[in-house]
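Just input-v1.cif here, mmCIF, C-alpha atoms and all ligand atoms:
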data_model
#
loop_
_atom_site.label_atom_id
_atom_site.label_comp_id
_atom_site.auth_asym_id
_atom_site.auth_seq_id
_atom_site.Cartn_x
_atom_site.Cartn_y
_atom_site.Cartn_z
CA MET A 8 -7.29 -25.95 41.93
CA THR A 9 -4.48 -23.92 40.44
CA ASP A 10 -5.23 -20.84 38.44
CA THR A 11 -5.26 -21.81 34.76
CA ALA A 12 -5.79 -18.32 33.32
CA LEU A 13 -4.21 -17.99 29.90
CA THR A 14 -1.05 -15.98 29.96
CA PRO A 15 -0.28 -14.68 26.49
CA SER A 16 3.11 -13.40 25.42
CA ALA A 17 4.01 -9.81 26.14
CA LEU A 18 3.79 -9.23 22.38
CA LEU A 19 0.19 -10.48 22.20
CA ALA A 20 -0.88 -8.82 25.44
CA GLY A 21 0.68 -5.54 24.37
CA LEU A 22 -0.70 -5.31 20.82
CA PRO A 23 -2.68 -2.08 20.51
CA ALA A 24 -6.11 -2.35 18.89
CA ARG A 25 -6.47 -0.83 15.47
CA GLN A 26 -7.26 2.81 15.83
CA GLY A 27 -8.72 5.05 13.20
CA PHE A 28 -7.75 3.44 9.91
CA GLY A 29 -8.88 -0.17 9.86
CA ASP A 30 -11.04 0.14 12.98
CA ALA A 31 -14.30 -1.41 11.79
CA THR A 32 -16.23 0.03 14.75
CA LEU A 33 -15.91 3.49 13.19
CA ILE A 34 -17.66 2.45 10.00
CA ARG A 35 -21.41 2.73 9.64
CA LEU A 36 -22.38 1.58 6.18
CA ALA A 37 -26.16 1.68 5.84
CA PRO A 38 -27.74 0.10 2.76
CA GLY A 39 -27.12 2.37 -0.21
CA ALA A 40 -24.10 4.00 1.41
CA ILE A 41 -21.17 4.83 -0.85
CA ASP A 42 -17.89 3.50 0.50
CA LEU A 43 -14.92 5.66 -0.50
CA GLY A 44 -12.78 4.09 2.17
CA GLY A 45 -11.50 0.84 0.71
CA GLY A 46 -8.46 -0.40 -1.16
CA ASN A 47 -10.04 -3.05 -3.34
CA PRO A 48 -9.62 -3.04 -7.09
CA SER A 49 -12.82 -2.87 -9.12
CA THR A 50 -14.02 -6.45 -9.65
CA ASP A 51 -14.97 -5.70 -13.25
CA LEU A 52 -11.40 -4.58 -14.00
CA LEU A 53 -9.82 -7.86 -12.89
CA PRO A 54 -8.52 -10.17 -15.65
CA LEU A 55 -11.05 -12.93 -14.95
CA ASP A 56 -10.64 -14.73 -18.30
CA VAL A 57 -6.90 -14.88 -17.86
CA TYR A 58 -7.48 -16.28 -14.38
CA ARG A 59 -9.97 -18.92 -15.54
CA ASP A 60 -7.75 -20.16 -18.36
CA ALA A 61 -4.71 -20.34 -16.08
CA PHE A 62 -6.64 -22.22 -13.37
CA HIS A 63 -7.93 -24.73 -15.93
CA GLU A 64 -4.52 -25.23 -17.41
CA VAL A 65 -3.00 -25.92 -14.00
CA THR A 66 -5.78 -28.04 -12.54
CA ASP A 67 -6.41 -30.05 -15.72
CA SER A 68 -2.76 -30.97 -16.18
CA ASP A 69 -0.72 -33.70 -14.53
CA ARG A 70 1.13 -30.97 -12.69
CA LEU A 71 -1.75 -30.68 -10.26
CA ALA A 72 -0.68 -33.56 -8.02
CA PRO A 73 2.96 -32.48 -7.64
CA LEU A 74 1.80 -28.92 -6.95
CA LEU A 75 0.00 -30.27 -3.89
CA LYS A 76 3.29 -31.25 -2.29
CA TYR A 77 5.44 -28.93 -0.19
CA SER A 78 7.30 -26.46 -2.38
CA PRO A 79 10.39 -24.30 -1.80
CA ALA A 80 10.15 -21.62 0.91
CA ALA A 81 11.42 -18.92 -1.46
CA GLY A 82 8.76 -19.76 -4.03
CA LEU A 83 8.37 -21.81 -7.21
CA PRO A 84 11.51 -21.30 -9.34
CA GLU A 85 9.45 -20.50 -12.46
CA LEU A 86 7.49 -17.74 -10.68
CA ARG A 87 10.62 -16.33 -9.08
CA SER A 88 12.32 -16.12 -12.46
CA ALA A 89 9.25 -14.61 -14.17
CA ILE A 90 9.15 -11.87 -11.53
CA ALA A 91 12.94 -11.45 -11.56
CA ALA A 92 12.82 -10.88 -15.33
CA ARG A 93 10.17 -8.17 -14.86
CA GLU A 94 12.11 -6.58 -12.00
CA GLY A 95 15.50 -6.80 -13.74
CA VAL A 96 17.15 -8.63 -10.86
CA SER A 97 18.52 -12.14 -10.34
CA SER A 98 15.91 -14.69 -9.29
CA GLU A 99 17.89 -15.57 -6.13
CA ARG A 100 16.82 -12.18 -4.77
CA VAL A 101 13.09 -12.83 -5.26
CA LEU A 102 11.04 -14.38 -2.44
CA ILE A 103 7.34 -15.13 -3.02
CA THR A 104 5.04 -14.02 -0.18
CA ASN A 105 1.39 -14.29 0.79
CA GLY A 106 0.80 -10.66 -0.17
CA GLY A 107 2.15 -7.25 0.69
CA ALA A 108 1.37 -7.29 4.41
CA HIS A 109 3.29 -10.56 4.76
CA GLY A 110 6.21 -9.05 2.88
CA LEU A 111 6.20 -6.02 5.18
CA ALA A 112 6.19 -8.26 8.27
CA LEU A 113 9.14 -10.24 6.91
CA ALA A 114 10.96 -6.99 6.13
CA VAL A 115 10.40 -5.62 9.63
CA LEU A 116 11.42 -8.86 11.33
CA SER A 117 14.52 -9.05 9.12
CA LEU A 118 15.76 -5.50 9.56
CA LEU A 119 14.74 -4.19 12.97
CA ASP A 120 15.31 -4.94 16.64
CA PRO A 121 13.28 -3.60 19.58
CA GLY A 122 14.18 0.00 20.27
CA ASP A 123 15.60 0.65 16.79
CA LEU A 124 14.63 3.75 14.86
CA ILE A 125 12.79 3.74 11.54
CA VAL A 126 12.00 6.71 9.31
CA VAL A 127 8.59 6.60 7.64
CA ASP A 128 6.56 8.61 5.14
CA ASP A 129 4.36 11.30 6.65
CA PRO A 130 1.48 10.86 5.85
CA VAL A 131 2.03 7.13 6.14
CA TYR A 132 0.25 3.91 5.15
CA PRO A 133 -1.14 3.31 8.66
CA LEU A 134 -1.11 -0.48 8.60
CA PHE A 135 2.68 -0.37 8.31
CA LEU A 136 2.73 1.21 11.77
CA ARG A 137 0.68 -1.76 12.98
CA VAL A 138 3.33 -4.11 11.51
CA LEU A 139 5.93 -2.21 13.53
CA ASP A 140 3.98 -3.20 16.67
CA LEU A 141 5.56 -6.66 16.18
CA ILE A 142 8.91 -5.25 17.21
CA GLY A 143 8.38 -2.06 19.19
CA VAL A 144 10.52 0.55 17.47
CA GLU A 145 10.91 4.32 17.48
CA VAL A 146 9.39 6.14 14.52
CA ALA A 147 10.67 9.35 12.93
CA ALA A 148 8.33 11.00 10.42
CA ILE A 149 9.54 12.77 7.28
CA ARG A 150 7.09 14.76 5.19
CA VAL A 151 6.04 13.53 1.78
CA GLY A 152 6.00 16.39 -0.74
CA SER A 153 4.63 16.54 -4.27
CA ASP A 154 7.49 14.33 -5.54
CA GLY A 155 7.87 11.94 -2.65
CA ILE A 156 9.53 11.83 0.74
CA ASP A 157 11.52 15.01 1.46
CA THR A 158 15.12 13.90 1.01
CA ASP A 159 16.50 17.39 1.86
CA GLU A 160 14.78 17.30 5.22
CA LEU A 161 15.97 13.72 5.75
CA GLU A 162 19.54 14.71 4.96
CA ARG A 163 19.37 17.60 7.42
CA ARG A 164 18.08 15.29 10.15
CA LEU A 165 20.77 12.71 9.40
CA ARG A 166 23.47 15.41 9.59
CA GLU A 167 22.04 16.40 12.95
CA GLY A 168 22.52 12.85 14.19
CA LEU A 169 19.36 10.90 13.34
CA ARG A 170 20.46 7.26 12.96
CA PRO A 171 17.69 5.05 11.56
CA LYS A 172 18.16 1.36 10.82
CA ALA A 173 15.50 1.48 8.10
CA LEU A 174 13.25 3.82 6.14
CA PHE A 175 9.75 2.98 4.90
CA THR A 176 8.27 4.62 1.83
CA VAL A 177 5.59 3.90 -0.76
CA PRO A 178 7.38 5.30 -3.81
CA THR A 179 4.68 5.22 -6.48
CA PHE A 180 1.16 6.65 -6.12
CA GLN A 181 1.75 6.78 -2.41
CA ASN A 182 -0.95 5.66 -0.02
CA PRO A 183 -2.55 8.05 0.95
CA SER A 184 -1.18 11.11 -0.88
CA GLY A 185 -0.99 9.63 -4.40
CA VAL A 186 2.39 11.25 -5.13
CA THR A 187 5.30 9.53 -6.87
CA LEU A 188 8.93 9.71 -5.78
CA SER A 189 10.94 11.45 -8.51
CA VAL A 190 13.96 9.74 -10.05
CA GLU A 191 16.18 12.45 -8.50
CA LYS A 192 14.80 11.87 -5.01
CA GLU A 193 15.06 8.11 -5.47
CA ALA A 194 18.78 8.52 -6.23
CA ALA A 195 19.22 10.92 -3.29
CA LEU A 196 17.49 8.48 -0.97
CA VAL A 197 19.73 5.61 -2.06
CA ALA A 198 22.82 7.79 -1.59
CA LEU A 199 21.71 8.64 1.96
CA ALA A 200 20.93 4.99 2.76
CA GLU A 201 24.38 3.94 1.59
CA LYS A 202 26.15 6.79 3.37
CA TYR A 203 24.35 6.43 6.71
CA GLY A 204 23.87 2.66 6.59
CA PHE A 205 20.12 2.18 6.67
CA THR A 206 17.89 -0.03 4.53
CA ILE A 207 15.04 1.36 2.45
CA ILE A 208 11.81 -0.66 2.56
CA ALA A 209 10.19 0.34 -0.74
CA ASP A 210 6.55 -0.80 -0.72
CA ASP A 211 5.24 -0.44 -4.26
CA PRO A 212 1.81 -2.06 -4.74
CA TYR A 213 0.33 0.67 -6.96
CA ARG A 214 3.07 1.02 -9.58
CA ALA A 215 1.19 -0.96 -12.24
CA ILE A 216 -1.98 1.15 -11.87
CA SER A 217 -1.15 4.26 -13.87
CA SER A 218 -2.97 6.76 -16.07
CA PRO A 219 -2.24 6.58 -19.80
CA GLY A 220 0.78 8.75 -20.59
CA PHE A 221 2.17 8.87 -17.07
CA VAL A 222 5.73 7.58 -17.06
CA VAL A 223 6.25 5.47 -13.95
CA PRO A 224 9.91 5.67 -12.87
CA GLU A 225 11.75 2.40 -13.43
CA ARG A 226 13.45 2.55 -10.03
CA ARG A 227 16.92 1.88 -11.38
CA SER A 228 18.57 3.39 -8.29
CA PHE A 229 16.53 1.18 -5.98
CA ARG A 230 17.25 -1.88 -8.08
CA GLY A 231 20.96 -1.19 -8.23
CA SER A 232 21.44 -0.76 -4.48
CA ASP A 233 22.07 -3.40 -1.83
CA HIS A 234 20.41 -1.03 0.69
CA VAL A 235 16.91 -1.55 -0.67
CA LEU A 236 14.35 -4.21 0.17
CA ALA A 237 11.44 -3.92 -2.26
CA VAL A 238 8.03 -5.26 -1.21
CA ASN A 239 5.26 -5.82 -3.72
CA THR A 240 1.93 -7.59 -4.17
CA PHE A 241 -0.52 -8.66 -6.86
CA SER A 242 -3.38 -7.38 -4.69
CA LYS A 243 -4.08 -4.23 -6.70
CA THR A 244 -3.79 -5.84 -10.15
CA LEU A 245 -5.07 -9.40 -9.59
CA GLY A 246 -7.09 -8.89 -6.39
CA PRO A 247 -6.28 -9.00 -2.67
CA GLY A 248 -8.16 -12.29 -2.25
CA LEU A 249 -5.34 -13.99 -4.20
CA ARG A 250 -2.87 -13.38 -1.32
CA LEU A 251 0.28 -13.39 -3.42
CA GLY A 252 3.17 -10.98 -3.47
CA TRP A 253 6.94 -10.87 -3.57
CA ILE A 254 10.01 -9.24 -2.11
CA VAL A 255 13.20 -8.29 -3.91
CA LEU A 256 15.84 -8.78 -1.24
CA PRO A 257 19.34 -7.44 -0.93
CA ALA A 258 21.50 -10.38 -2.09
CA ALA A 259 23.27 -10.54 1.27
CA LEU A 260 19.99 -11.18 3.10
CA SER A 261 18.13 -13.48 0.74
CA GLU A 262 19.20 -16.79 2.25
CA ARG A 263 18.49 -15.78 5.83
CA VAL A 264 15.12 -14.19 5.06
CA THR A 265 14.16 -17.51 3.47
CA TRP A 266 15.16 -19.27 6.69
CA LEU A 267 12.96 -16.84 8.62
CA ARG A 268 10.07 -17.46 6.27
CA ASN A 269 10.55 -21.19 6.75
CA ARG A 270 9.99 -20.73 10.45
CA LEU A 271 6.78 -18.74 9.99
CA ASP A 272 4.46 -20.13 7.30
CA GLY A 273 6.91 -22.26 5.32
CA GLN A 274 5.74 -21.44 1.82
CA THR A 275 3.09 -19.85 -0.37
CA SER A 276 0.46 -22.03 -2.06
CA GLY A 277 2.14 -23.92 -4.91
CA ILE A 278 -1.07 -24.07 -6.92
CA LEU A 279 -1.62 -20.32 -6.78
CA GLN A 280 2.00 -19.72 -7.70
CA ALA A 281 1.61 -21.98 -10.74
CA VAL A 282 -1.57 -20.15 -11.75
CA VAL A 283 0.09 -16.75 -11.48
CA THR A 284 3.17 -17.97 -13.38
CA ARG A 285 0.82 -18.99 -16.19
CA MET A 286 -0.97 -15.63 -16.03
CA LEU A 287 2.30 -13.68 -16.28
CA ALA A 288 3.07 -15.58 -19.50
CA ASP A 289 -0.36 -14.79 -20.98
CA GLU A 290 -0.05 -11.99 -23.52
CA ARG A 291 -3.49 -10.64 -22.56
CA LEU A 292 -2.42 -9.83 -19.02
CA ASP A 293 -0.33 -6.66 -19.36
CA PRO A 294 -2.74 -4.99 -21.81
CA SER A 295 -5.60 -5.73 -19.43
CA ILE A 296 -3.72 -4.14 -16.52
CA SER A 297 -2.96 -1.08 -18.68
CA ALA A 298 -6.61 -0.90 -19.71
CA ALA A 299 -7.62 -1.06 -16.05
CA GLY A 300 -5.22 1.85 -15.37
CA ALA A 301 -7.06 3.89 -18.04
CA GLU A 302 -10.44 3.08 -16.43
CA TYR A 303 -9.17 4.04 -12.99
CA ALA A 304 -7.97 7.33 -14.50
CA VAL A 305 -11.52 8.05 -15.72
CA LYS A 306 -12.82 7.44 -12.19
CA ALA A 307 -10.09 9.63 -10.69
CA ARG A 308 -11.12 12.46 -13.02
CA ALA A 309 -14.79 12.03 -12.13
CA LEU A 310 -13.92 12.25 -8.44
CA THR A 311 -11.68 15.30 -8.67
CA ALA A 312 -14.11 17.06 -11.02
CA ALA A 313 -16.96 16.46 -8.56
CA LEU A 314 -14.86 17.74 -5.65
CA ARG A 315 -13.95 20.92 -7.51
CA ALA A 316 -17.53 21.45 -8.68
CA GLU A 317 -19.00 20.99 -5.19
CA PHE A 318 -16.31 22.62 -3.05
CA GLY A 319 -14.74 25.25 -5.35
CA ASN A 320 -12.00 27.06 -3.49
CA GLU A 321 -12.79 25.16 -0.30
CA VAL A 322 -10.89 22.12 -1.60
CA GLU A 323 -7.30 21.41 -2.56
CA VAL A 324 -6.86 18.23 -4.52
CA ALA A 325 -4.48 17.05 -7.23
CA GLU A 326 -5.79 14.71 -9.90
CA PRO A 327 -4.25 11.32 -9.18
CA ARG A 328 -2.10 9.93 -12.01
CA GLY A 329 -2.40 6.39 -10.72
CA GLY A 330 -3.15 4.24 -7.72
CA PHE A 331 -6.54 4.13 -6.02
CA PHE A 332 -6.82 7.29 -3.92
CA ALA A 333 -7.35 11.04 -4.04
CA TRP A 334 -5.95 13.00 -1.09
CA ALA A 335 -8.11 16.06 -0.65
CA ARG A 336 -7.92 18.90 1.82
CA LEU A 337 -11.11 20.70 2.79
CA ILE A 338 -10.56 24.26 3.87
CA GLY A 339 -12.87 25.69 6.48
CA ASP A 340 -13.30 26.08 10.19
CA VAL A 341 -15.17 22.86 10.71
CA ASP A 342 -15.19 20.14 13.34
CA PHE A 343 -13.89 17.30 11.17
CA THR A 344 -15.07 14.64 13.60
CA ARG A 345 -18.57 15.95 13.13
CA LEU A 346 -18.09 16.08 9.36
CA PHE A 347 -17.10 12.40 9.36
CA GLU A 348 -20.24 11.53 11.35
CA ALA A 349 -22.48 13.77 9.26
CA ALA A 350 -21.10 12.30 6.03
CA GLN A 351 -21.90 8.79 7.23
CA ASP A 352 -25.40 9.96 8.20
CA ARG A 353 -25.75 11.14 4.61
CA GLY A 354 -24.47 7.80 3.30
CA VAL A 355 -20.82 8.29 2.38
CA PHE A 356 -17.72 6.89 4.06
CA TYR A 357 -14.09 8.00 3.65
CA GLN A 358 -10.82 7.72 5.57
CA ARG A 359 -9.95 10.70 7.78
CA GLY A 360 -6.63 12.43 7.19
CA GLU A 361 -5.68 12.27 10.88
CA TRP A 362 -5.43 8.50 10.60
CA PHE A 363 -2.45 8.80 8.27
CA ALA A 364 -0.31 11.02 10.51
CA ALA A 365 2.98 9.19 11.08
CA ALA A 366 3.63 10.77 14.44
CA GLY A 367 1.37 12.83 16.69
CA GLU A 368 -1.38 14.87 15.15
CA GLY A 369 -1.77 16.25 11.70
CA TYR A 370 -3.71 16.19 8.45
CA ARG A 371 -6.79 17.72 10.00
CA GLY A 372 -9.14 18.50 7.13
CA PHE A 373 -7.58 15.91 4.82
CA LEU A 374 -9.63 13.05 3.40
CA ARG A 375 -8.47 9.93 1.60
CA LEU A 376 -11.09 9.16 -0.99
CA SER A 377 -10.88 5.88 -2.83
CA PHE A 378 -12.09 5.86 -6.42
CA SER A 379 -11.07 2.32 -7.39
CA GLU A 380 -14.15 0.30 -6.55
CA VAL A 381 -16.96 2.77 -7.09
CA SER A 382 -18.56 3.80 -10.42
CA SER A 383 -18.07 7.35 -11.71
CA GLU A 384 -21.76 8.02 -11.04
CA ASP A 385 -21.45 6.90 -7.42
CA LEU A 386 -18.26 8.93 -7.00
CA THR A 387 -20.16 12.03 -8.07
CA GLU A 388 -23.10 11.13 -5.82
CA GLY A 389 -20.76 10.39 -2.90
CA VAL A 390 -19.13 13.81 -3.26
CA SER A 391 -22.50 15.55 -3.36
CA ARG A 392 -23.50 13.78 -0.13
CA LEU A 393 -20.22 14.89 1.41
CA ALA A 394 -20.88 18.45 0.24
CA LEU A 395 -24.33 18.40 1.85
CA ALA A 396 -22.78 17.37 5.16
CA TRP A 397 -20.11 20.07 4.73
CA ARG A 398 -22.63 22.83 4.02
CA GLU A 399 -24.73 21.77 6.94
CA LEU A 400 -21.75 22.25 9.25
CA THR A 401 -20.27 25.36 7.65
CA ALA A 402 -23.71 27.04 7.65
CA ARG A 403 -23.98 26.38 11.36
CA GLY A 404 -20.52 27.86 11.84
N1 LIG B 501 1.20 -1.54 1.23
C1 LIG B 501 0.35 -0.59 0.84
C2 LIG B 501 0.86 0.78 0.63
C3 LIG B 501 -0.99 -0.89 0.62
O1 LIG B 501 -1.84 0.09 0.25
C4 LIG B 501 -1.45 -2.22 0.82
C5 LIG B 501 -2.89 -2.62 0.61
N2 LIG B 501 -3.83 -1.70 0.99
C6 LIG B 501 -0.52 -3.17 1.25
C7 LIG B 501 0.79 -2.81 1.44
C8 LIG B 501 -0.94 -4.59 1.59
O2 LIG B 501 -1.05 -5.40 0.48
P1 LIG B 501 -1.73 -6.82 0.59
O3 LIG B 501 -3.21 -6.62 0.47
O4 LIG B 501 -1.17 -7.59 -0.56
O5 LIG B 501 -1.35 -7.44 1.89
#
Can the structure in the file be given as structure tokens, please?
Ligand code: PMP
Amino acid sequence: MTDTALTPSALLAGLPARQGFGDATLIRLAPGAIDLGGGNPSTDLLPLDVYRDAFHEVTDSDRLAPLLKYSPAAGLPELRSAIAAREGVSSERVLITNGGAHGLALAVLSLLDPGDLIVVDDPVYPLFLRVLDLIGVEVAAIRVGSDGIDTDELERRLREGLRPKALFTVPTFQNPSGVTLSVEKEAALVALAEKYGFTIIADDPYRAISSPGFVVPERRSFRGSDHVLAVNTFSKTLGPGLRLGWIVLPAALSERVTWLRNRLDGQTSGILQAVVTRMLADERLDPSISAAGAEYAVKARALTAALRAEFGNEVEVAEPRGGFFAWARLIGDVDFTRLFEAAQDRGVFYQRGEWFAAAGEGYRGFLRLSFSEVSSEDLTEGVSRLALAWRELTARG
């Protein structure tokens, strides 16, 4: 008999396993453990009534049957125009996706070839690096400062000859650092992209989750440039189980990216698109998202207050003004692998800073702590468990 062993593609055979962030084997969640690792919204801050009414309206109407047919690859026209109106762009540039990760994969497949160079945030959203595994590209890391990716450093590197095809950044309430790209840096970034001919992939899932009073930049420079591909998702506002997002494409690419999409999954669920179109027209929706932002701000304060109370001058942390995460640095001569283990033994899980390093090593002593899903009481309790683990290790020296 001939050998019938399966021979996968080089892409499949070569895919690295998830390491660090997203590697479920590293997580030990005993009953009663407090999980500060996740990126889920709080279920009690989701607009469930708006959902239910929209579902009923769609499923009870005679639109249900036609919505079960194939629908356009770029998305339902009414959803594309509702999103286009919110984004301030023409609806031809909007493509509906099955969530942010899908949008990022389409962006990578549309912009990069094997061996190309991409600049990314450092620290970076680690799952974007896993999307890059689809292509096999070189990565250059540029530090994220308190107002976003360091455009001065980027400019210096470009002058020295760095020639990226694309740049990836999370401009608002960055994952993991929580910082927001300033309007000045946004304009500088666009100027560099246009001068040196690269495309910015702006991944902005957290922009709608902001503290009361924080002015989220409108991203006029991004919107006005044909060197920006903006990826977004409803996962943080309407829930990741929905699997719906969108891309704002450079006009010159929109037709071809739709062809690409046609060759992958064809389309996003027509029914879900109709439901979300209805939700976007519901006047209760935006106030409920703003109200959720205020509740998340209360949780963020509880978390940072607990960290400062427990760790004093052994912690550096800024109070997040939006998004889901605090990015804290613990200062001390501690084995942070042991801290991570000891914290889990005490019943608290977090994401280690090292897992967000864009290239090589870094962020030792940093922790990404998620406050979105956990109550203020559990945030405080989680931090006190972490502090117990910390004291145990620092006492031992
Ligand atoms: N980008 C960033 C920065 C994210 O934090 C996430 C979700 N954690 C995504 C993209 C993926 O979004 P989705 O769940 O819609 O695929």
Exercise for review: Kindly give the distance, in Å, that separates CA of Ala215 in chain A and CA of Ser184 in chain A, rounded to a single decimal.
Suggested key: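 Between CA of Ala215 in chain A and CA of Ser184 in chain A the gap is 16.7 Å.
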Exercise for review: Please tell me which residues are no farther than 10 Å from (-8.1, 9.4, -17.1) in the file, counting only C-alpha atoms, and write them as a list in words.
Suggested key: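 I get Ser217, Ser218, Pro219, Gly220, Gly300, Ala301, Glu302, Tyr303, Ala304, Val305, Lys306, Ala307, Arg308, Ala309, Glu326, Pro327, Arg328 and Gly329 of chain A for the residues within 10 Å of that point.
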Exercise answer, 6 Å around ligand LIG 501 (chain B) with all atoms listed in the file, as an mmCIF file with C-alpha atoms, keeping the file's coordinate frame:
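Below is the file part_29.cif, written as the result:
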data_model
loop_
_atom_site.group_PDB
_atom_site.id
_atom_site.type_symbol
_atom_site.label_atom_id
_atom_site.label_comp_id
_atom_site.auth_asym_id
_atom_site.auth_seq_id
_atom_site.Cartn_x
_atom_site.Cartn_y
_atom_site.Cartn_z
ATOM 1 C CA GLY A 46 -8.460 -0.400 -1.160
ATOM 2 C CA GLY A 106 0.800 -10.660 -0.170
ATOM 3 C CA GLY A 107 2.150 -7.250 0.690
ATOM 4 C CA ALA A 108 1.370 -7.290 4.410
ATOM 5 C CA TYR A 132 0.250 3.910 5.150
ATOM 6 C CA VAL A 177 5.590 3.900 -0.760
ATOM 7 C CA ASN A 182 -0.950 5.660 -0.020
ATOM 8 C CA ASP A 210 6.550 -0.800 -0.720
ATOM 9 C CA PRO A 212 1.810 -2.060 -4.740
ATOM 10 C CA THR A 240 1.930 -7.590 -4.170
ATOM 11 C CA SER A 242 -3.380 -7.380 -4.690
ATOM 12 C CA PRO A 247 -6.280 -9.000 -2.670
#
Practice item. Would you be able to write out as a list in words which residues have an atom within 6 Å of (-11.4, 11.6, -0.6) in the file's coordinates, counting only C-alpha atoms? Key: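 Those within range, by chain then number, are Ala333, Trp334, Ala335, Leu374, Arg375 and Leu376 of chain A.
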Check your understanding: Quick one: residues within 8 Å of Ala258 in chain A, all atoms listed in the file counted, chain neighbours fewer than 5 positions away excluded, as a ChimeraX atom specification?
Key -> /A:99-100,233
Exercise for review: Please measure the separation of CA of Ile207 in chain A and CA of Asp120 in chain A, giving the value in Å to one decimal.
Suggested key: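 Interatomic distance, CA of Ile207 in chain A to CA of Asp120 in chain A: 15.5 Å.
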Exercise for review: Tell me which of A:Gly248, A:Gly389, A:Pro130, A:Gly231 sits closest to Gly367 in chain A, counting all atoms listed in the file.
Suggested key: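 Nearest candidate to Gly367 in chain A out of A:Gly248, A:Gly389, A:Pro130, A:Gly231: A:Pro130.
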Exercise for review: Considering all atoms listed in the file, state which residue in the set A:Glu290, A:Gly339, A:Ala194, A:Leu199 is at the smallest distance from Arg163 in chain A.
Suggested key: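 Looking at the shortest contact to Arg163 in chain A, the residue is A:Leu199.
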Check your understanding: At what distance in Å, to one decimal, does CA of Phe331 in chain A lie from CA of Val186 in chain A?
Key ->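 Going from CA of Val186 in chain A over to CA of Phe331 in chain A covers 11.5 Å.
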Check your understanding: Between A:Leu22, A:Ala80, A:Leu310, A:Leu161, which one has atoms that come closest to Arg137 in chain A, using all atoms listed in the file?
Key ->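 Nearest to Arg137 in chain A: A:Leu22.
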Listed atoms of range 68-75 of chain A boxed along x, y and z, 3 Å each side, centre and edge lengths in Å, one decimal, as JSON:
{"center_x": 0.1, "center_y": -31.3, "center_z": -10.0, "size_x": 11.7, "size_y": 10.8, "size_z": 18.3}
**Study point:** Counting all atoms listed in the file, the option among A:Leu174, A:Ala17, A:Ala365, A:Leu83 closest to Val115 in chain A
**Key:**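 Using all atoms listed in the file, the shortest distance to Val115 in chain A belongs to A:Leu174.
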Exercise for review: Tell me which of A:Tyr77, A:Phe332, A:Phe229, A:Phe241 sits closest to Ala198 in chain A, counting only C-alpha atoms.
Suggested key: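 Checking each of A:Tyr77, A:Phe332, A:Phe229, A:Phe241 against Ala198 in chain A, counting only C-alpha atoms, the winner is A:Phe229.
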Practice item. Tell me, as an NGL selection string, which residues lie within 12 Å of Arg315 in chain A, counting all atoms listed in the file; anything in the same chain fewer than 3 positions away does not count. Key: :A and (308-312 or 318-326 or 335-337 or 387 or 390-391 or 394)
Point to revise | Residue nearest Ser297 in chain A - candidates A:Phe28, A:Phe221, A:Tyr357, A:Phe180, atoms counted: all atoms listed in the file | key: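 Residue with the minimum atom-to-atom distance to Ser297 in chain A: A:Phe221.
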Point to revise | Distance query Leu118 in chain A at most 8 Å, all atoms listed in the file, self and fewer than 2 positions along chain excluded, as an NGL selection string | key: :A and (114-116 or 120 or 172-173 or 206)
Practice item. For Arg268 in chain A, work out the shell of residues within 9 Å, counting all atoms listed in the file and skipping chain neighbours fewer than 5 positions away, then give it as a PyMOL selection string. Key: chain A and resi 80-81+104+113+263+273-274
